[in-house]
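Below is one structure, written out as structure tokens; comments come after it.
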Amino acid sequence: MTGLTKLRLSRGAYRDKKIVLIRIMGIPVLILILILVILRLEPEKPGISKAQAAKAAALFAVSRETCLQYQKESAGSHFQEKEQNNWYVPYMDYLYDHGGLDETDTKASAKLAQKDMTYQEASRLAGFLGKQYQERVNLNRSNRDKTYPADLWWQIYEDAVREAGQNWESQGIKGIEILDVILYGTPGNVETAPGWTCFTSDGDFRFEGLALDAYLDQKIRIYVRDGEVAGVGRLISEHAVYENVWVDSIEDGVLNIHTGSITRQFQSPADGPKTEELVHNVVDLYLEKGDLKRITVKKDRIRGTVISVDDQFIEIEGYGKVEMAPGFRVYKVYGDYEEQDRSDILVGYDLQEFVAAGGKLCAALIMRPFSAERIRVLLMNNEFQSIFHNQVTLTITCGGTINYGETEEKLQAGAPITIQPDDERLKEGRMVITPDSLTNSIRIDSLNRSHGVPVYDGILEIRKEGDQLVLVNELLLEDYLKKVVPSEMPSSYEMEALKAQAVCARTYAYRQIMGNSYSQYGAHVDDSTNYQVYNNVNTADSTNQAVDDTCKKLLFYGDEPVEAYYYSTSCGHGTDASVWGGDGSLLPYLKAAELRDRKRCLDLTSNSAFAEFIKNPDIPSYDSGYAMYRWTALYKGSTLGNKLGLGRIDSISIEERGIGGVAKNMVVTDETGNQKTYKNQMEIRKALGSKDLEIMQKNGKAAEGMSLLPSAFITIEEIGTAKDGSKLFQIWGGGYGHGAGMSQNGAQGMAKEGKTYEEILNFFYEGAELRESES
């Protein structure tokens with residue numbers, strides 16, 4: 001091979017290597033070019049408006065009501081006056097004043113509020129959620145004015161909610177909830193819907209300022225605080241299952257179904273179940289992008305007396321505890337349809353049929369109205385300290401039976417029985433003792449009441465709860481009342497007063513049965529002052545007669561039984577239902593007025609007016625002759641300070657009074673300036689109540705103090721210095737109890753003047769009617 005040939009070959013090899021190198025280097029360049037082209041062609045991710053992001057951020061911190069209240073109380077809005085009625089203004093104003101927004105970056109303008117949030121604004125809002133979230137926005141010079149993607153915002157928001165949720169829970173704060181729901185309806189498809197109300201599988205919510213119609217009949221993730229939707233995180237699925245809905249009717253192939261609080265219509269699939277299989281049944285509807293594709297009918301039903309209801313199971317006589325399916329519903333199907341709540345399934349009654357599928361309960365169909373015939377009472381332990389008992393010893397005064405599981409044992413009259421939590425007969429959780437006679441036949445020897453060892457009517461159910469026992473006495477409502485009335489009012493009182501008490505007690509019990517507060521234990525009420533005191537004193541002929549003479553009579557206001565509140569003694573003037581912190585107008589029959597024939601409502605809301613009133617023991621009233629009509633008590637500043645966890649008390653101030661003069665807000669300040677505030681009558685009575693306190697009554701006799709001050713109809717003044725150098729405070733008070741509804745001693749005073757029980761009830765529950773309950 002010549003030199004020239006070698007040179008040509010080497011040049012050729014070099015050229016080939018150069019081509020290969022160019023090709024190798026060109027691949028990354030081409031890829032980079034392609035990426036840039038793709039990025040330029042890829043559409044920008046959708047953003048979120050400043051207004052919507054601000055709403056979510058504000059609701060992360062506080063409720064909508066707090067934002068509205070802040071708007072009312074603040075010095076002024078950041079927006080122009082003509083723009084201040086826009087829905088987003090309360091949220092954005094709150095953030096401007098609390099660091100979530102800055103007018104340097106985000107001008108307060110209606111036009112700008114509807115524009116997309118930028119990276120700069122997202123960085124500030126994310127920092128408002130928590131400093132650690134600000135960095136995740138990745139703000140830089142090149143993107144500060146660009147639209148921040150909505151999906152990235154909701155990822156940060158959800159992470160912040162999950163982390164904050166642990167603190168909210170520990171502090172008892174109800175913060176943002178993360179809910180995956182099916183959207184049933186909005187005002188766009190439900191004509192009767194209130195504005196900004198959406199209907200979902202988890203309930204009804206407000207969604208002010210948000211657009212939801214595109215998600216109808218789909219599953220979405222939402223963030224909710226106190227019933228207000230803060231935002232929609234994402235679409236979860238275009239497929240939705242309407243579980244356990246009630247089919248009301250079918251017309252021309254269109255199903256009318258009830259779900260939640262609304263009615264919807266769907267075109268039935270051609271191959272779906274027949275009309276007679278669907279109407280008045282519970283079904284599952286399978287939808288895809290809003291179209292009904294398939295229907296499953298749930299036909300199996302069971303029936304029996306409800307023994308107990310808790311968060312997971314319903315105990316039904318004959319079936320035991322049956323688990324509820326996740327989408328469990330309760331429908332009232334007699335009369336006008338209504339979707340109800342689990343709390344409307346009354347223990348001790350057989351009013352419903354249960355729809356079952358897959359071994360679980362899918363729905364309860366309440367088939368007929370409630371009639372109060374029986375009541376189930378939790379019997380508390382000695383001194384009414386707890387509903388739980390370590391053991392129970394009882395005697396059946398006649399023969400009877402004890403049932404547990406499928407076993408029945410005979411019981412001999414007079415033979416004592418002791419039951420402990422580890423008793424084999426409680427292996428399935430409960431036993432029922434049924435005497436041959438249901439009148440005064442069960443003596444519970446391990447209990448002690450004011451009149452000694454109590455004897456009960458009806459039957460006794462003993463339930464095992466953990467390593468303790470719960471006792472439930474089931475009996476006729478009228479028999480129950482015969483042991484309530486003498487426990488609540490002296491049997492020596494006038495017959496008309498006793499009749500008024502019997503009607504109040506019956507009406508109160510009726511509402512408590514419907515309230516179902518102890519359903520997890522299979523009871524309606526307990527036997528203490530938490531409800532009505534039951535079987536704490538002996539029955540009497542007079543109280544029995546009062547119950548018999550008013551048999552089945554209840555007080556109604558409109559179609560509802562009244563809240564028949566009563567208390568011992570007034571101060572000469574009553575209050576209304578606002579004494580418990582709510583809106584008094586919601587119970588219009590509870591009037592604040594003098595307890596005398598002229599029945600005026602005096603203005604006693606100022607401290608000076610009330611002090612003049614309460615210091616006068618001679619103001620006439622139906623119950624002015626009773627010892628607790630007026631009373632006084634004396635506190636040393638050192639004693640009260642120790643009780644309240646403060647130093648020696650320097651001042652006690654009633655900052656607000658409710659109608660009738662009842663104290664609603666009290667501020668106690670110690671000598672170092674530390675303060676505590678008590679914001680309702682019950683808190684005030686607890687703060688000032690003490691068993692060591694001596695109560696000087698109107699009759700000049702001293703009464704022992706209690707853990708609650710007798711009432712919150714009080715005025716307090718500093719009157720001198722105690723021996724230990726602390727200030728002395730005098731309490732002038734009147735009455736005993738909350739002051740709303742019927743004064744029992746007032747009723748006695750009216751009866752003594754010749755008033756009938758109907759007149760007494762009309763005085764204390766103005767506008768209410770006496771009616772007999774349906775049997």
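By order of appearance in the structure tokens: chains A, B, ..., then residues from 1 within every chain, and ligands from 1 in the order shown.
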
Polymer residues at most 8 Å from segment 555-560 of chain A, only C-alpha atoms, same-chain spacing of 6 or more positions, as a list in words: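 Close residues of segment 555-560 of chain A: Val503, Cys504, Thr507, Tyr589, Gly767, Ala768, Glu769, Leu770 and Arg771 of chain A.
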
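Close contacts of Ser606 of chain A, defined as residues with an atom at most 12 Å away when counting only C-alpha atoms, with chain neighbours fewer than 5 positions off set aside, comprise Ala611, Glu612, Phe613, Ile654, Glu655, Glu656, Arg657, Gly658, Ile659, Gly660, Gly661, Val662, Ala663, Lys664 and Thr715 of chain A.
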
How would the residues just chosen look if you wrote them out with C-alpha atoms as an mmCIF file, in the first residue's frame?
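Below is the file that was written, again-v9.cif:
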```cif
data_model
loop_
_atom_site.group_PDB
_atom_site.id
_atom_site.type_symbol
_atom_site.label_atom_id
_atom_site.label_comp_id
_atom_site.auth_asym_id
_atom_site.auth_seq_id
_atom_site.Cartn_x
_atom_site.Cartn_y
_atom_site.Cartn_z
ATOM 1 C CA ALA A 611 -80.079 45.692 90.503
ATOM 2 C CA GLU A 612 -83.062 47.796 91.560
ATOM 3 C CA PHE A 613 -85.410 44.938 90.670
ATOM 4 C CA ILE A 654 -71.760 41.505 84.336
ATOM 5 C CA GLU A 655 -71.060 42.694 80.785
ATOM 6 C CA GLU A 656 -74.317 41.565 79.185
ATOM 7 C CA ARG A 657 -77.787 40.588 80.304
ATOM 8 C CA GLY A 658 -80.444 38.708 78.404
ATOM 9 C CA ILE A 659 -84.143 39.445 78.296
ATOM 10 C CA GLY A 660 -85.558 39.343 81.827
ATOM 11 C CA GLY A 661 -82.201 40.393 83.274
ATOM 12 C CA VAL A 662 -80.458 37.007 83.296
ATOM 13 C CA ALA A 663 -76.659 37.346 83.253
ATOM 14 C CA LYS A 664 -75.187 36.276 79.894
ATOM 15 C CA THR A 715 -76.191 41.316 90.541
#
```

Write down as a PyMOL selection string the residues of segment 153-200 of chain A whose backbone DSSP state falls under alpha helix (DSSP H). chain A and resi 153-171

Strand (DSSP E or B) positions in segment 239-464 of chain A, given as a PyMOL selection string: chain A and resi 239-251+254-259+262-267+282-288+291-298+301-303+306-309+313-316+320-332+338-340+352-357+360-366+374-378+389+392-396+400-404+407-411+416-419+430-435+442-444+449+452+455-456+459-464

Residues at most 6 Å from segment 310-324 of chain A, counting only C-alpha atoms, excluding those fewer than 6 positions away in the same chain, as a ChimeraX atom specification? /A:304,360-361,520

Write out the residues from the selection above, keeping C-alpha atoms, as a PDB file, in the first residue's frame.
```pdb
ATOM      1  CA  GLY A 304     -88.568  -6.072  64.444  1.00  0.00           C
ATOM      2  CA  LYS A 360     -75.893  -5.392  55.799  1.00  0.00           C
ATOM      3  CA  LEU A 361     -78.683  -2.870  56.308  1.00  0.00           C
ATOM      4  CA  GLN A 520     -76.518   3.453  71.593  1.00  0.00           C
TER       5      GLN A 520
END
```

Rounded to one decimal in Å, what is the spacing between atom CA of Leu481 of chain A and atom CA of Ser441 of chain A? 17.0 Å

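Shortest atom-to-atom contact with Tyr88 of chain A among A:Ser491, A:Ser109, A:Ser201, A:Gln52: A:Gln52, counting only C-alpha atoms.
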
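By chain and then residue number, the residues within 9 Å of Arg463 of chain A are Pro421, Leu426, Gly429, Arg430, Met431, Val432, Leu469, Val470, Leu471, Val472 and Tyr521 of chain A, counting only C-alpha atoms and disregarding those fewer than 6 positions away in sequence.
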
Grab the residues selected above and save them as a PDB file, in the first residue's frame with N, CA and C atoms.
```pdb
ATOM      1  N   PRO A 421     -70.463  -8.179  85.262  1.00  0.00           N
ATOM      2  CA  PRO A 421     -70.136  -8.088  83.829  1.00  0.00           C
ATOM      3  C   PRO A 421     -69.623  -9.382  83.210  1.00  0.00           C
ATOM      4  N   LEU A 426     -74.381 -13.039  79.868  1.00  0.00           N
ATOM      5  CA  LEU A 426     -74.213 -11.800  79.109  1.00  0.00           C
ATOM      6  C   LEU A 426     -73.252 -11.978  77.928  1.00  0.00           C
ATOM      7  N   GLY A 429     -74.260 -10.089  75.143  1.00  0.00           N
ATOM      8  CA  GLY A 429     -74.357  -8.653  75.357  1.00  0.00           C
ATOM      9  C   GLY A 429     -75.518  -8.146  76.171  1.00  0.00           C
ATOM     10  N   ARG A 430     -76.610  -8.925  76.297  1.00  0.00           N
ATOM     11  CA  ARG A 430     -77.767  -8.421  77.032  1.00  0.00           C
ATOM     12  C   ARG A 430     -78.623  -9.549  77.571  1.00  0.00           C
ATOM     13  N   MET A 431     -79.349  -9.230  78.627  1.00  0.00           N
ATOM     14  CA  MET A 431     -80.374 -10.134  79.143  1.00  0.00           C
ATOM     15  C   MET A 431     -81.585  -9.293  79.515  1.00  0.00           C
ATOM     16  N   VAL A 432     -82.761  -9.917  79.494  1.00  0.00           N
ATOM     17  CA  VAL A 432     -84.005  -9.202  79.774  1.00  0.00           C
ATOM     18  C   VAL A 432     -84.756  -9.942  80.870  1.00  0.00           C
ATOM     19  N   LEU A 469     -71.848  -2.587  83.549  1.00  0.00           N
ATOM     20  CA  LEU A 469     -73.222  -2.902  83.181  1.00  0.00           C
ATOM     21  C   LEU A 469     -74.022  -1.614  82.989  1.00  0.00           C
ATOM     22  N   VAL A 470     -75.018  -1.705  82.130  1.00  0.00           N
ATOM     23  CA  VAL A 470     -75.988  -0.630  81.944  1.00  0.00           C
ATOM     24  C   VAL A 470     -77.373  -1.223  82.186  1.00  0.00           C
ATOM     25  N   LEU A 471     -78.204  -0.500  82.952  1.00  0.00           N
ATOM     26  CA  LEU A 471     -79.547  -0.969  83.286  1.00  0.00           C
ATOM     27  C   LEU A 471     -80.573  -0.110  82.556  1.00  0.00           C
ATOM     28  N   VAL A 472     -81.482  -0.760  81.837  1.00  0.00           N
ATOM     29  CA  VAL A 472     -82.527  -0.055  81.105  1.00  0.00           C
ATOM     30  C   VAL A 472     -83.879  -0.572  81.579  1.00  0.00           C
ATOM     31  N   TYR A 521     -77.350   2.890  73.811  1.00  0.00           N
ATOM     32  CA  TYR A 521     -77.582   2.004  74.958  1.00  0.00           C
ATOM     33  C   TYR A 521     -79.008   1.454  74.975  1.00  0.00           C
TER      34      TYR A 521
END
```

10 Å contact set for Asn516 of chain A, only C-alpha atoms, chain neighbours under 3 positions out, as a PyMOL selection string: chain A and resi 308-309+342-347+376+511-513+519-520+522-525

Tell me which protein, DNA and RNA residues are within 9 Å of Thr632 of chain A, counting only C-alpha atoms, leaving out same-chain ones fewer than 5 positions away, and put them as a list in words. Glu694, Ile695, Met696, Gln697, Lys698, Gln730, Ile731, Trp732, Gly733 and Gly734 of chain A

Please save all heavy atoms of the selected residues as a short mmCIF file (atom, residue, chain, number, x, y, z; two decimals), in the first residue's frame.
```
data_model
loop_
_atom_site.label_atom_id
_atom_site.label_comp_id
_atom_site.auth_asym_id
_atom_site.auth_seq_id
_atom_site.Cartn_x
_atom_site.Cartn_y
_atom_site.Cartn_z
N GLU A 694 -72.66 29.63 101.42
CA GLU A 694 -73.89 29.70 102.22
C GLU A 694 -74.89 30.61 101.51
O GLU A 694 -74.58 31.76 101.21
CB GLU A 694 -73.60 30.23 103.62
CG GLU A 694 -74.81 30.19 104.55
CD GLU A 694 -74.48 30.63 105.96
OE1 GLU A 694 -74.25 31.85 106.15
OE2 GLU A 694 -74.41 29.76 106.85
N ILE A 695 -76.08 30.09 101.25
CA ILE A 695 -77.13 30.84 100.57
C ILE A 695 -78.14 31.30 101.61
O ILE A 695 -78.79 30.48 102.27
CB ILE A 695 -77.85 29.98 99.51
CG1 ILE A 695 -76.84 29.35 98.52
CG2 ILE A 695 -78.90 30.80 98.78
CD1 ILE A 695 -76.14 30.32 97.63
N MET A 696 -78.27 32.60 101.77
CA MET A 696 -79.26 33.16 102.70
C MET A 696 -80.56 33.41 101.94
O MET A 696 -80.62 34.22 101.03
CB MET A 696 -78.76 34.45 103.33
CG MET A 696 -77.59 34.26 104.28
SD MET A 696 -77.96 33.12 105.66
CE MET A 696 -79.32 33.98 106.44
N GLN A 697 -81.62 32.68 102.31
CA GLN A 697 -82.89 32.75 101.61
C GLN A 697 -83.75 33.91 102.11
O GLN A 697 -83.48 34.51 103.14
CB GLN A 697 -83.64 31.43 101.78
CG GLN A 697 -82.86 30.23 101.29
CD GLN A 697 -83.53 28.92 101.62
OE1 GLN A 697 -84.19 28.34 100.78
NE2 GLN A 697 -83.41 28.47 102.86
N LYS A 698 -84.80 34.17 101.38
CA LYS A 698 -85.71 35.26 101.71
C LYS A 698 -86.31 35.12 103.10
O LYS A 698 -86.56 36.11 103.79
CB LYS A 698 -86.83 35.34 100.65
CG LYS A 698 -87.83 36.46 100.87
CD LYS A 698 -88.96 36.40 99.87
CE LYS A 698 -90.01 37.45 100.20
NZ LYS A 698 -91.17 37.39 99.31
N GLN A 730 -70.75 40.72 97.37
CA GLN A 730 -72.12 40.32 97.71
C GLN A 730 -72.87 39.97 96.42
O GLN A 730 -72.83 40.73 95.45
CB GLN A 730 -72.85 41.45 98.42
CG GLN A 730 -74.31 41.17 98.75
CD GLN A 730 -74.48 40.45 100.07
OE1 GLN A 730 -73.84 40.80 101.05
NE2 GLN A 730 -75.32 39.45 100.10
N ILE A 731 -73.51 38.80 96.44
CA ILE A 731 -74.37 38.40 95.32
C ILE A 731 -75.81 38.55 95.77
O ILE A 731 -76.22 37.95 96.77
CB ILE A 731 -74.11 36.95 94.88
CG1 ILE A 731 -72.63 36.74 94.50
CG2 ILE A 731 -75.01 36.56 93.70
CD1 ILE A 731 -72.28 35.28 94.20
N TRP A 732 -76.59 39.36 95.05
CA TRP A 732 -78.03 39.39 95.25
C TRP A 732 -78.64 38.59 94.11
O TRP A 732 -78.39 38.87 92.93
CB TRP A 732 -78.56 40.82 95.19
CG TRP A 732 -78.35 41.63 96.43
CD1 TRP A 732 -79.18 41.74 97.50
CD2 TRP A 732 -77.22 42.47 96.72
NE1 TRP A 732 -78.65 42.57 98.46
CE2 TRP A 732 -77.44 43.04 98.00
CE3 TRP A 732 -76.04 42.78 96.03
CZ2 TRP A 732 -76.54 43.90 98.60
CZ3 TRP A 732 -75.14 43.64 96.63
CH2 TRP A 732 -75.38 44.19 97.89
N GLY A 733 -79.41 37.58 94.45
CA GLY A 733 -79.98 36.72 93.43
C GLY A 733 -81.46 36.45 93.66
O GLY A 733 -82.01 36.75 94.72
N GLY A 734 -82.08 35.89 92.64
CA GLY A 734 -83.49 35.52 92.74
C GLY A 734 -83.79 34.31 91.91
O GLY A 734 -83.25 34.11 90.82
#
```

By how many Å are atom CA of Tyr184 of chain A and atom CA of Asp291 of chain A apart?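 Computing the Euclidean distance for atom CA of Tyr184 of chain A and atom CA of Asp291 of chain A yields 12.9 Å.
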
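Ranking A:His451, A:Lys482, A:Leu586, A:Asn189 by their shortest atom-to-atom distance to Asn536 of chain A, with only C-alpha atoms included, puts A:His451 first.
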
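When only C-alpha atoms are used to compute distances to Ala627 of chain A, the closest of the residues A:Gly735, A:Thr605, A:Ala113, A:Lys686 turns out to be A:Gly735.
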
What lies within 8 Å of Ala712 of chain A using only C-alpha atoms, ignoring chain neighbours under 2 positions off, as a list of chain:residue names?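 In the requested format, the answer is A:Val662, A:Ala663, A:Gln681, A:Met682, A:Ile684, A:Arg685, A:Leu709, A:Pro710, A:Ile714, A:Gly733, A:His738.
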
Looking at only C-alpha atoms, which of A:Thr263, A:Thr104, A:Thr672, A:Thr575 is the one that sits closest to Thr192 of chain A?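 Going through A:Thr263, A:Thr104, A:Thr672, A:Thr575 one by one, the smallest distance to Thr192 of chain A is for A:Thr263.
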
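Using only C-alpha atoms, the nearest neighbour of Tyr119 of chain A within the list A:Thr147, A:Asp93, A:Thr418, A:Asp105 is A:Thr147.
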
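The gap separating atom CA of Tyr133 of chain A from atom CA of Arg234 of chain A is 19.6 Å, in Å to one decimal.
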